[in-house]
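*Asks:* Structure below; questions to follow.
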Amino acid sequence: MKRILLGLALSLMAAAASADNLTNAIRAQLVQPAVLRGQFEQTKQVVGFKKALRSSGNFLVAQNRGVLWNTQTPFMSQLKLTRTEIVASQDGQIAFRLNASKEPTVRIINSLMFSLLSGNVSELARQFKVAGSSNHQGWKLQLTPLPTGLEKVMSQISLSGDKYVRNIDINETSGDKTHIRFVMQTASQTPLNAKESAQFD
C-alpha cells in the first residue's frame with residue numbers, strides 16, 4: 001500500500017511539474033500589455049440546429065478595468081465584464097446586470113473570460129487541468145474544468161496562439177460548441193482613451 005501511495009504521489013508531482021513547465025513556456029511567448037484591442041469572429045453550433053450562429057465585432061481587454069466585448073453583426077450589443085459585475089447592453093439600454101456580490105458565479109465567469117482573452121495562463125491553471133504543447137511556432141492548450149462550478153457548464157476549452165491568443169474553442173456540457181477567432185490584435189502600454197474609460201464607469 002505504501003508503494004502504491006508513493007507511486008501515486010510521485011505521479012501527481014510529475015504531472016504538476018509538467019503543467020508548470022507548459023504554462024511557463026506559454027507565458028514566455030504571450031505579450032502581457034496594459035491594453036489589448038482586436039476583432040473577433042464567433043461561430044456557435046447549437047444542438048438541434050443545423051445552421052451555426054455567427055457574429056463578429058471588436059473587443060478590448062484592460063488589465064486594471066475589465067473586458068469590453070462589442071458585437072457588431074448580426075446586431076449591435078455590448079458585454080462589459082469587470083471584477084464585480086457583468087453588464088449587457090443593446091441599443092444603448094442595459095439588458096441585464098449581474099453583480100458578483102449577489103451571484104457568486106459571476107466572479108468565476110469574469111475571471112475565466114478575463115484570463116482567456118488576456119492569456120493569463122497562471123490563473124487558468126488554478127481553474128483547469130492543463131495539457132498542451134509549446135514550441136517556437138506557437139502553443140496549444142486543452143483545459144478541463146476542475147470542480148469549481150464551471151464543470152457543470154463546460155466540458156473542455158481549447159486555446160491556441162503565439163504572442164496572442166488566436167483561437168478559442170468551448171465545448172459545453174449541453175453539446176453546444178463555440179469557436180472564436182481573434183484577428184487584428186494590437187497591444188498597448190498606454191492608458192485607455194477617454195471614450196474607452198467612460199465605458200467602464
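Letters A, B, ... go to the chains of the C-alpha cells in the order shown; residues in each chain start at 1; ligands are counted from 1 in the same order.
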DSSP on the backbone, strand (DSSP E) only: what residues of region 2-158 of chain A does that give? Format it as an MDAnalysis selection string.
*Replies:* chainID A and resid 35:45 53:62 66:73 77:81 85:90 93:99 128:135 138:145 154:158
*Asks:* List every residue of chain A that DSSP, applied to the backbone of this structure, places in helix (DSSP H, G or I), and write the result as an NGL selection string.
*Replies:* :A and (2-29 or 104-118 or 121-127 or 150-152 or 194-199)
*Asks:* Which residue out of A:Phe75, A:Gly66, A:Asp176, A:Leu116 has the minimum interatomic distance to Val87 (chain A) when only C-alpha atoms are used?
*Replies:* A:Gly66
*Asks:* So which residues touch Asn99 (chain A) within 10 Å, counting only C-alpha atoms, skipping near sequence neighbours fewer than 4 positions away, as a compact mmCIF listing (two decimals) with N, CA and C atoms, in the first residue's frame?
*Replies:*
# COMPACT_ATOMS: atom_id res chain seq x y z
N THR A 82 -16.34 43.19 -15.53
CA THR A 82 -15.35 43.72 -14.58
C THR A 82 -15.19 42.70 -13.47
N ARG A 83 -14.36 43.02 -12.49
CA ARG A 83 -14.16 42.08 -11.39
C ARG A 83 -15.43 41.89 -10.56
N THR A 84 -16.36 42.83 -10.65
CA THR A 84 -17.52 42.79 -9.76
C THR A 84 -18.86 42.57 -10.46
N GLU A 85 -18.91 42.71 -11.80
CA GLU A 85 -20.21 42.57 -12.45
C GLU A 85 -20.10 42.24 -13.94
N ILE A 86 -21.23 41.79 -14.49
CA ILE A 86 -21.43 41.61 -15.92
C ILE A 86 -22.60 42.48 -16.32
N VAL A 87 -22.39 43.32 -17.34
CA VAL A 87 -23.46 44.20 -17.82
C VAL A 87 -23.62 44.01 -19.32
N GLU A 103 -24.47 37.17 -7.15
CA GLU A 103 -24.34 35.97 -7.99
C GLU A 103 -22.89 35.52 -7.94
N PRO A 104 -22.53 34.58 -7.05
CA PRO A 104 -21.14 34.16 -6.90
C PRO A 104 -20.49 33.65 -8.18
N THR A 105 -21.28 33.07 -9.08
CA THR A 105 -20.72 32.54 -10.33
C THR A 105 -20.23 33.65 -11.25
N VAL A 106 -20.72 34.86 -11.04
CA VAL A 106 -20.27 35.99 -11.87
C VAL A 106 -18.77 36.19 -11.75
N ARG A 107 -18.26 36.10 -10.53
CA ARG A 107 -16.83 36.29 -10.30
C ARG A 107 -16.03 35.20 -11.03
*Asks:* With distances taken over only C-alpha atoms, which residue among A:Gly161, A:Phe49, A:Thr23, A:Ser77 lies nearest Lys129 (chain A)?
*Replies:*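 Distance minimum relative to Lys129 (chain A) lands on A:Thr23.
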